[in-house]
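Quick notes on the structure that follows.
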Amino acid sequence: MPIESAGPTLSDFLENIELFRDALGSGAVAGATLGALGVYVLLRNLVFLSAALSQAAGLGVAASYWFGAASPALLGWLSPSLGAAALTLCAVLLFTLPRGPAQDHHHDAHQDGLLGVVFLVGAGGTLALGTRIVADIADIETLLFGSAVAVLAEDRATLIATGATLLGLHAWLWRGFAAVSVDADGARVRGLPVRALDLLLFASLALGVSVVTRILGALPAFAFSVLPAMAAVRIVRNLRQALVVAAALGATGATLGYLAAFLYELPVGASQTLVSAALLALAAGLERLGVQHRHRH
Amino acid sequence: MSARERLLAAEKLVVGYHDHGILPGIDFDLAPGDCWALIGRNGGGKSSLMRTLLGLQPAVYGRVARRAALRIAYVPQRSHFDLSVPARVFDFVGGGLDTGWRFLRPWTTRAERARVGRALELTDAVALAREPFSALSEGQKQRVLIARALVSDPELLVLDEPTSAMDPMNEAAVFALLSQLCLREPAAMSVLLASHQMSFLPDYASHALLVDKDLGIAMAGAQAEVFCSSAFERIYGRSPGRLQEAVRAD
């Protein structure tokens, strides 16, 4: 009777860790960066922002290949990463355009509508241009939405440089970003440069989402920019702690997700998403315990 | 030019949207120690006037003149704040410290923490310092919001319906606090508050702004002058004394 071979084990993983080091490190940096930035996504009620931006990034990648095919001279200059960053930045600018005072009353509906438009134009445009790109469909998928399984050394370097820049920027300017996200009118009255801070905050989100989407994929990019922040705000006492804890939870979700994908032979992006969701459930449980403890005392 | 020292003045000010005025032009000036009540029916133009005075909305005509480097703090309605944002009262009040380009320094200094402590003392909220803002009662939240505004040491405090959805005891406490701030020595603070509380306003406000876009009314002046005007009776149907008696009887 044939004996079924056992699945991969933790010791297999540790023995071959050299093979996974780049993907593990990249995931952790992406999780930490988008985890911290996700706190502002949550504060501004823009949970689907990164989903919409990742579609815009996909359109940027597809557009750069399409233009490259139409004019080969452009291909060297117009890289997929540049295309992704440019289109994501354009999309994000829509959210920072000043609105008329009358529209302030319909703020949420206006932003929801914009999210839908960006998502649909991004997805529709990517599909339409995808049919014009002459390449294998699997290659296009990877070009458009990355792969968290194996990460090239140059992509890892790009992710680390982007993550370090964005985390440094947010560690420095967090008071300003928090002020305009919690109470924009109050910040404007107190003389803060609200528009400049908004632009910088959204540009940093665009850069983070486009780079992570391009290298690791749309699903983990969306998951890292929502779930760790949702978990963090449940268990911390202030915004500064939320930024730090969300970064830590993002990195943890990415690393444990990669490990779980190896052990249980799951798709990496899906596994990282589910582990991040499990961390959110854990945080919700801790929050509940904390509330009960406070009521008892 | 008025003989009074002016912090802020509206000059032939017309407020509205997209170049369309919703209220008649209005002139008034606000001096140190003044307590102005902004009154009128819901949807009558109070918020538009307040936002224009704060510089959050452009004027359709005329202008708002401010004394150079005037420090203004704005207290929006309590519902303006998302309660899912994690914040202890101390941190929430500390958020009011960020004025101008001060946010470029990511840490809070000892002097800033002391200012937060003083603002909490002034609003009798020291005991709440470590509590989550979201867990406070409505009255406590309003005191904390005022502390957040006071921490930037403003010369003019602007409040949007600070006592809405509050019980009468807490309402009285908020009005007493605002009155105390207006009379504070040596640096009296000016207050401009939008409110519907006719049971308290005649006792606390020194001046009033009365607006109603449907009736085309925009009137500013000393409290007695506005509250005893025919415009007031047109909007509210009776004099403030009667109104006050009716509210207290309820």
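FYI, nothing fancy with the structure tokens labels: chains A, B, ... in order, residues from 1 per chain, ligands from 1 as they appear.
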Excluding Leu205 (chain A) and residues on its chain fewer than 6 positions from it, collect all residues at most 9 Å away from it, counting only C-alpha atoms, and give them as a PDB file with N, CA and C atoms, in the first residue's frame.
ATOM      1  N   LEU A  34       2.897  49.318   4.707  1.00  0.00           N
ATOM      2  CA  LEU A  34       1.461  49.531   4.445  1.00  0.00           C
ATOM      3  C   LEU A  34       0.654  49.416   5.734  1.00  0.00           C
ATOM      4  N   LEU A  37       0.870  52.930   7.212  1.00  0.00           N
ATOM      5  CA  LEU A  37       0.110  53.876   6.377  1.00  0.00           C
ATOM      6  C   LEU A  37      -1.399  53.581   6.441  1.00  0.00           C
ATOM      7  N   GLY A  38      -1.725  52.313   6.683  1.00  0.00           N
ATOM      8  CA  GLY A  38      -3.132  51.916   6.742  1.00  0.00           C
ATOM      9  C   GLY A  38      -3.905  52.592   7.862  1.00  0.00           C
ATOM     10  N   VAL A  41      -5.504  55.381   6.284  1.00  0.00           N
ATOM     11  CA  VAL A  41      -6.569  54.890   5.394  1.00  0.00           C
ATOM     12  C   VAL A  41      -7.839  54.679   6.218  1.00  0.00           C
ATOM     13  N   SER A  50      -6.837  51.425  -1.183  1.00  0.00           N
ATOM     14  CA  SER A  50      -5.697  50.676  -1.728  1.00  0.00           C
ATOM     15  C   SER A  50      -6.156  49.676  -2.786  1.00  0.00           C
ATOM     16  N   LEU A  53      -6.418  51.820  -5.759  1.00  0.00           N
ATOM     17  CA  LEU A  53      -5.086  52.234  -6.226  1.00  0.00           C
ATOM     18  C   LEU A  53      -4.327  51.080  -6.880  1.00  0.00           C
ATOM     19  N   LEU A  89      -0.378  57.772  -8.681  1.00  0.00           N
ATOM     20  CA  LEU A  89      -0.296  59.156  -8.201  1.00  0.00           C
ATOM     21  C   LEU A  89      -1.423  59.999  -8.805  1.00  0.00           C
ATOM     22  N   VAL A  92      -4.602  59.140  -7.024  1.00  0.00           N
ATOM     23  CA  VAL A  92      -4.655  59.642  -5.652  1.00  0.00           C
ATOM     24  C   VAL A  92      -4.910  61.154  -5.625  1.00  0.00           C
ATOM     25  N   LEU A 166       9.357  55.771   3.272  1.00  0.00           N
ATOM     26  CA  LEU A 166       7.989  56.083   3.725  1.00  0.00           C
ATOM     27  C   LEU A 166       7.876  56.007   5.245  1.00  0.00           C
TER      28      LEU A 166
END
For a quick test of understanding: name the residues of chain B lying within 6 Å of chain A when counting only C-alpha atoms, and present them as a PDB file with N, CA and C atoms, in the first residue's frame.
ATOM      1  N   TYR B  74     -10.962  76.362  17.096  1.00  0.00           N
ATOM      2  CA  TYR B  74     -12.312  76.012  16.666  1.00  0.00           C
ATOM      3  C   TYR B  74     -12.730  74.705  17.327  1.00  0.00           C
ATOM      4  N   PRO B  86      -8.248  55.728  18.244  1.00  0.00           N
ATOM      5  CA  PRO B  86      -7.787  55.519  19.609  1.00  0.00           C
ATOM      6  C   PRO B  86      -7.151  56.788  20.168  1.00  0.00           C
ATOM      7  N   ALA B  87      -7.641  57.265  21.298  1.00  0.00           N
ATOM      8  CA  ALA B  87      -7.055  58.468  21.901  1.00  0.00           C
ATOM      9  C   ALA B  87      -7.425  58.546  23.362  1.00  0.00           C
ATOM     10  N   ARG B  88      -6.409  58.618  24.218  1.00  0.00           N
ATOM     11  CA  ARG B  88      -6.674  58.953  25.610  1.00  0.00           C
ATOM     12  C   ARG B  88      -6.919  60.454  25.649  1.00  0.00           C
ATOM     13  N   THR B  99      -0.021  73.747  15.929  1.00  0.00           N
ATOM     14  CA  THR B  99      -0.397  74.969  15.215  1.00  0.00           C
ATOM     15  C   THR B  99       0.722  75.291  14.234  1.00  0.00           C
ATOM     16  N   GLY B 100       0.359  75.913  13.119  1.00  0.00           N
ATOM     17  CA  GLY B 100       1.368  76.300  12.129  1.00  0.00           C
ATOM     18  C   GLY B 100       2.223  75.112  11.706  1.00  0.00           C
ATOM     19  N   PHE B 103       4.149  70.821  13.830  1.00  0.00           N
ATOM     20  CA  PHE B 103       4.105  69.362  13.633  1.00  0.00           C
ATOM     21  C   PHE B 103       5.429  68.817  13.096  1.00  0.00           C
ATOM     22  N   LEU B 104       6.302  69.709  12.622  1.00  0.00           N
ATOM     23  CA  LEU B 104       7.593  69.238  12.094  1.00  0.00           C
ATOM     24  C   LEU B 104       8.455  68.603  13.186  1.00  0.00           C
ATOM     25  N   PRO B 106       8.440  65.831  15.789  1.00  0.00           N
ATOM     26  CA  PRO B 106       7.545  64.698  16.037  1.00  0.00           C
ATOM     27  C   PRO B 106       7.296  64.368  17.511  1.00  0.00           C
TER      28      PRO B 106
END
*Could you write out, as a ChimeraX atom specification, all the residues of region 108-139 of chain B that DSSP marks as alpha helix (DSSP H)?*
/B:110-122,138-139
Output N, CA and C atoms for every residue in the selection just made, as an mmCIF file, in the first residue's frame.
data_model
loop_
_atom_site.group_PDB
_atom_site.id
_atom_site.type_symbol
_atom_site.label_atom_id
_atom_site.label_comp_id
_atom_site.auth_asym_id
_atom_site.auth_seq_id
_atom_site.Cartn_x
_atom_site.Cartn_y
_atom_site.Cartn_z
ATOM 1 N N ARG B 110 8.360 68.860 27.258
ATOM 2 C CA ARG B 110 7.831 68.935 28.628
ATOM 3 C C ARG B 110 6.911 70.156 28.773
ATOM 4 N N ALA B 111 7.307 71.270 28.148
ATOM 5 C CA ALA B 111 6.494 72.494 28.233
ATOM 6 C C ALA B 111 5.120 72.258 27.600
ATOM 7 N N GLU B 112 5.101 71.514 26.489
ATOM 8 C CA GLU B 112 3.813 71.242 25.821
ATOM 9 C C GLU B 112 2.941 70.355 26.702
ATOM 10 N N ARG B 113 3.576 69.372 27.340
ATOM 11 C CA ARG B 113 2.782 68.489 28.226
ATOM 12 C C ARG B 113 2.207 69.292 29.391
ATOM 13 N N ALA B 114 2.989 70.277 29.866
ATOM 14 C CA ALA B 114 2.499 71.125 30.962
ATOM 15 C C ALA B 114 1.300 71.943 30.488
ATOM 16 N N ARG B 115 1.340 72.385 29.216
ATOM 17 C CA ARG B 115 0.209 73.161 28.684
ATOM 18 C C ARG B 115 -1.049 72.299 28.603
ATOM 19 N N VAL B 116 -0.863 71.036 28.245
ATOM 20 C CA VAL B 116 -2.014 70.124 28.203
ATOM 21 C C VAL B 116 -2.590 69.988 29.618
ATOM 22 N N GLY B 117 -1.687 69.840 30.594
ATOM 23 C CA GLY B 117 -2.129 69.725 31.985
ATOM 24 C C GLY B 117 -2.915 70.956 32.422
ATOM 25 N N ARG B 118 -2.446 72.160 32.032
ATOM 26 C CA ARG B 118 -3.141 73.399 32.428
ATOM 27 C C ARG B 118 -4.511 73.488 31.768
ATOM 28 N N ALA B 119 -4.589 73.073 30.501
ATOM 29 C CA ALA B 119 -5.882 73.114 29.795
ATOM 30 C C ALA B 119 -6.875 72.155 30.463
ATOM 31 N N LEU B 120 -6.372 71.002 30.901
ATOM 32 C CA LEU B 120 -7.249 70.038 31.579
ATOM 33 C C LEU B 120 -7.709 70.594 32.930
ATOM 34 N N GLU B 121 -6.795 71.298 33.618
ATOM 35 C CA GLU B 121 -7.166 71.906 34.908
ATOM 36 C C GLU B 121 -8.249 72.958 34.699
ATOM 37 N N LEU B 122 -8.034 73.795 33.689
ATOM 38 C CA LEU B 122 -8.962 74.898 33.419
ATOM 39 C C LEU B 122 -10.369 74.386 33.115
ATOM 40 N N GLU B 138 -21.287 62.846 27.307
ATOM 41 C CA GLU B 138 -21.346 63.991 26.388
ATOM 42 C C GLU B 138 -20.780 65.260 27.033
ATOM 43 N N GLY B 139 -21.117 65.463 28.296
ATOM 44 C CA GLY B 139 -20.625 66.649 29.008
ATOM 45 C C GLY B 139 -19.111 66.616 29.153
#
*asked:* Just to confirm, what's the straight-line distance from CA of Phe13 (chain A) to CA of Gln272 (chain A) in Å (one decimal)?
replied: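 These two atoms are separated by 16.4 Å.
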*A:Val151, A:Ala184, A:Val29, A:Leu259: which is nearest Leu56 (chain B), counting only C-alpha atoms?*
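Of A:Val151, A:Ala184, A:Val29, A:Leu259, the one nearest Leu56 (chain B) is A:Ala184, counting only C-alpha atoms.
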*Nearest candidate to Leu227 (chain A) (options A:Leu10, A:Leu93, A:Ala56, A:Leu274; using only C-alpha atoms)*: A:Leu274
*Just the strand (DSSP E) stuff from region 39-236 of chain B, please, per backbone DSSP, written as number ranges by chain.*
B: 39, 61-66, 72-75, 156-160, 190-194, 207-212, 217-222
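Nearest to Pro58 (chain B) of all the residues B:Gly25, B:Gly16, B:Gly45, B:Gly237 is B:Gly16, based on only C-alpha atoms.
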*Skip region 220-226 of chain A itself and residues of its chain fewer than 2 positions away, then list as a list in words all residues within 7 Å of it, counting only C-alpha atoms.*
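Here the answer would be Gly31, Leu34, Gly35, Leu37, Gly38, Val47, Ser50, Ala51, Val209, Val212, Thr213, Leu216, Gly217, Ala218, Pro228, Ala229, Met230, Gly250, Gly269, Gln272 and Thr273 of chain A.
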Could you take the residues named above and write them with C-alpha atoms, as a PDB file, in the first residue's frame?
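Saved the output as again.pdb:
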ATOM      1  CA  GLY A  31       3.575  44.625   5.718  1.00  0.00           C
ATOM      2  CA  LEU A  34       1.461  49.531   4.445  1.00  0.00           C
ATOM      3  CA  GLY A  35       0.452  48.530   7.988  1.00  0.00           C
ATOM      4  CA  LEU A  37       0.110  53.876   6.377  1.00  0.00           C
ATOM      5  CA  GLY A  38      -3.132  51.916   6.742  1.00  0.00           C
ATOM      6  CA  VAL A  47     -10.708  51.325   3.333  1.00  0.00           C
ATOM      7  CA  SER A  50      -5.697  50.676  -1.728  1.00  0.00           C
ATOM      8  CA  ALA A  51      -7.914  48.257  -3.695  1.00  0.00           C
ATOM      9  CA  VAL A 209       0.564  50.692  -2.752  1.00  0.00           C
ATOM     10  CA  VAL A 212       3.853  46.585  -3.168  1.00  0.00           C
ATOM     11  CA  THR A 213       1.214  45.779  -5.816  1.00  0.00           C
ATOM     12  CA  LEU A 216       3.993  41.268  -4.206  1.00  0.00           C
ATOM     13  CA  GLY A 217       0.508  41.497  -5.663  1.00  0.00           C
ATOM     14  CA  ALA A 218      -2.786  43.368  -5.331  1.00  0.00           C
ATOM     15  CA  PRO A 228      -3.094  45.480  10.559  1.00  0.00           C
ATOM     16  CA  ALA A 229      -4.432  49.014  11.136  1.00  0.00           C
ATOM     17  CA  MET A 230      -7.893  47.663  12.020  1.00  0.00           C
ATOM     18  CA  GLY A 250       1.797  44.028   9.200  1.00  0.00           C
ATOM     19  CA  GLY A 269      -0.835  36.383  -0.994  1.00  0.00           C
ATOM     20  CA  GLN A 272      -0.724  36.450   4.206  1.00  0.00           C
ATOM     21  CA  THR A 273      -4.213  37.932   3.953  1.00  0.00           C
TER      22      THR A 273
END
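Between CA of Glu5 (chain B) and CA of Ala147 (chain B) lies a distance of 26.0 Å.
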_As an exercise, work out the distance from CA of Thr96 (chain A) to CA of Phe119 (chain A) in Å and give it to one decimal place._
16.7 Å
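Nearest to Gly96 (chain B) of all the residues B:Leu23, B:Ala224, B:Leu136, B:Ile146 is B:Ile146, counting only C-alpha atoms.
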